[in-house]
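The block underneath contains the structure these notes are about, expressed in C-alpha cells.
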Amino acid sequence: SLDLTIVPANHASCEDLGAVFGARGSAARCWCQRYKLAPKEAFKHFPAEERAHRLRMETECGNPRAETTAGLVAYLDGEPVGWCAVEPRTHYPGLLRVYRTPWEGRDEDKEDDTVWAVTCVFTRAGYRGRGMSYALVRAAVAHARERGARALEGYPMVTEPGRKVSWDEIHVGTRKVFEAAGFREVSRPSKRRVVMRVDF
C-alpha cells in the first residue's frame with residue numbers, strides 16, 4: 001500500500017514545494033498566484049520567479065513554527081507529489097475582485113474571513129490517477145476546521161464523461177473530488193463550474 005502523508009506547507013521544505021510545482025508546465029508558470037494577484041497586478045507583469053518567491057512567503061515553507069500557511073503538501077513514500085491551496089477566502093484578492101464564479105447568484109459577505117476556500121488541487125506528473133486529489137481535499141477540510149474556519153468552499157469543474165479536460169482547467173478540482181469530501185453544491189454559476197461548500 002502507498003504511504004501517503006499530507007502536511008501543512010510550512011512543514012514542507014521550500015525544495016519540496018518547488019519539486020511539486022516543477023520547472024515546466026502550467027504549475028511552474030503559475031505558482032498558485034492566479035487567485036492571489038489583485039486586479040491591478042496583471043499576471044503578465046509578474047515573472048515566474050516572482051510568483052515562486054510569493055508562494056514561498058505565503059506558505060512559510062521550511063518554517064514549521066509559522067502560525068499561518070497557504071496550503072498543504074502531499075508526500076508519497078517520502079516524495080513530494082501534490083499541493084492543495086487552502087486558506088481564508090479573504091486571502092485571495094483575485095478571487096474577491098476578478099473572478100465572478102464564486103459570487104454569481106449568491107449573497108455572500110466577501111470580507112468574512114471565517115469562510116475558507118480551496119482554489120487549487122494539483123498532483124505532479126507521474127503521480128496522477130492515484131486518488132491524490134481526493135486525499136488532499138479531505139485533508140483541506142480537516143485543516144480548515146482545525147484552524148477555526150466556519151465553512152470551506154471549492155469552485156470545481158463539472159467534467160463530462162468522455163470529454164478530455166486539460167490540467168490547466170482542472171486545477172480547481174472536480175465535482176466528484178469535493179463531493180467525496182462532504183461538500184454540497186450551493187450554486188452553479190456556469191455550465192462547467194459549481195460552487196461547493198461544507199459548513200462546520
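Here's how to read the names in the C-alpha cells: chain A, B, ... by the order shown, residue numbers from 1 in each chain, ligand numbers from 1 in the order shown.
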
Find the nearest atom pair between each residue of region 104-167 of chain A and region 14-18 of chain A for residues within 12 Å, count only C-alpha atoms, give distances in Å to one decimal, sort rows by chain and ascending number, and present the table as a tab-separated table.
residue	atom	partner	partner_atom	distance
A:Phe122	CA	A:Leu17	CA	11.7
A:Thr123	CA	A:Leu17	CA	11.8
A:Arg124	CA	A:Gly18	CA	10.9

Sorted by chain and rising residue number, which residues of region 151-197 of chain A lie within 12 Å of region 68-85 of chain A, and what are their closest atom pairs and distances in Å to one decimal, counting only C-alpha atoms, as a Markdown table?
| residue | atom | partner | partner_atom | distance |
| --- | --- | --- | --- | --- |
| A:Leu152 | CA | A:Ala85 | CA | 11.9 |
| A:Glu153 | CA | A:Ala85 | CA | 11.6 |
| A:Gly154 | CA | A:Ala85 | CA | 10.4 |
| A:His171 | CA | A:Cys84 | CA | 9.4 |
| A:Val172 | CA | A:Cys84 | CA | 9.5 |
| A:Gly173 | CA | A:Cys84 | CA | 9.7 |

Inset, instruction - Would you please extract all strand (DSSP E or B) residues from region 10-159 of chain A, as assigned by DSSP on the backbone, and give them as a PyMOL selection string? - result: chain A and resi 71-76+79-88+115-123+151-154+157

Just the residues within 12 Å of Ala140 (chain A), please, counting only C-alpha atoms, with nothing from its chain fewer than 4 positions along; format it as a JSON list (two decimals) with C-alpha atoms, in the first residue's frame.
[["chain", "number", "residue", "atom", "x", "y", "z"],
["A", 6, "ILE", "CA", -0.16, 15.32, 3.92],
["A", 7, "VAL", "CA", 1.31, 18.21, 5.88],
["A", 8, "PRO", "CA", 0.68, 21.96, 6.18],
["A", 9, "ALA", "CA", 3.01, 23.61, 3.66],
["A", 70, "ALA", "CA", -1.22, 28.84, 2.44],
["A", 71, "GLY", "CA", -1.80, 25.19, 1.73],
["A", 72, "LEU", "CA", -0.92, 21.52, 2.06],
["A", 73, "VAL", "CA", 1.80, 19.35, 0.54],
["A", 74, "ALA", "CA", 1.35, 15.62, -0.11],
["A", 83, "TRP", "CA", -0.36, 20.54, -3.48],
["A", 84, "CYS", "CA", -3.67, 21.96, -2.28],
["A", 85, "ALA", "CA", -4.19, 25.71, -1.79],
["A", 86, "VAL", "CA", -6.45, 26.26, 1.24],
["A", 87, "GLU", "CA", -6.78, 29.36, 3.40],
["A", 88, "PRO", "CA", -9.30, 32.08, 4.30],
["A", 116, "TRP", "CA", -12.09, 29.41, 3.74],
["A", 117, "ALA", "CA", -11.51, 28.36, 0.13],
["A", 118, "VAL", "CA", -9.75, 25.60, -1.79],
["A", 119, "THR", "CA", -8.57, 27.25, -5.03],
["A", 120, "CYS", "CA", -6.16, 24.67, -6.42],
["A", 121, "VAL", "CA", -5.57, 20.92, -6.19],
["A", 133, "SER", "CA", -6.78, 14.94, -5.18],
["A", 134, "TYR", "CA", -9.33, 13.09, -3.04],
["A", 135, "ALA", "CA", -6.85, 12.80, -0.18],
["A", 136, "LEU", "CA", -5.78, 16.44, -0.47],
["A", 144, "ALA", "CA", -9.60, 24.43, 7.78],
["A", 145, "ARG", "CA", -11.79, 23.08, 10.57],
["A", 146, "GLU", "CA", -8.84, 22.77, 12.98],
["A", 147, "ARG", "CA", -7.85, 26.36, 12.25],
["A", 149, "ALA", "CA", -12.98, 28.04, 9.70],
["A", 151, "ALA", "CA", -17.09, 26.88, 6.29],
["A", 152, "LEU", "CA", -14.91, 25.75, 3.39],
["A", 153, "GLU", "CA", -15.67, 26.34, -0.29],
["A", 154, "GLY", "CA", -14.38, 24.99, -3.58],
["A", 177, "VAL", "CA", -13.50, 15.05, -5.50],
["A", 178, "PHE", "CA", -15.36, 17.68, -3.45],
["A", 181, "ALA", "CA", -15.05, 15.08, 0.99],
["A", 182, "GLY", "CA", -18.57, 16.08, 2.10],
["A", 183, "PHE", "CA", -19.13, 19.28, 0.10],
["A", 198, "VAL", "CA", -19.04, 22.34, 3.60]]

Inset, instruction - Write out as a PyMOL selection string all residues of region 10-174 of chain A that DSSP puts in alpha helix (DSSP H) for this structure's backbone. - result: chain A and resi 14-21+26-30+48-59+93-97+132-146+167-170

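If you measure from each of A:Val194, A:Cys61, A:Val186, A:Ala28 to Thr159 (chain A) using only C-alpha atoms, the closest one turns out to be A:Val194.
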
Inset, instruction - Rank nothing, just name the residue among A:Met157, A:Ala139, A:Val195, A:Met57 nearest to Arg106 (chain A), using only C-alpha atoms. - result: A:Val195

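Closest approach to Ala38 (chain A) among A:His91, A:Arg130, A:His11, A:Arg184: A:His91, based on only C-alpha atoms.
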
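Across A:Pro189, A:Leu55, A:Val158, A:Val115, the tightest approach to Val141 (chain A) is made by A:Val115 when counting only C-alpha atoms.
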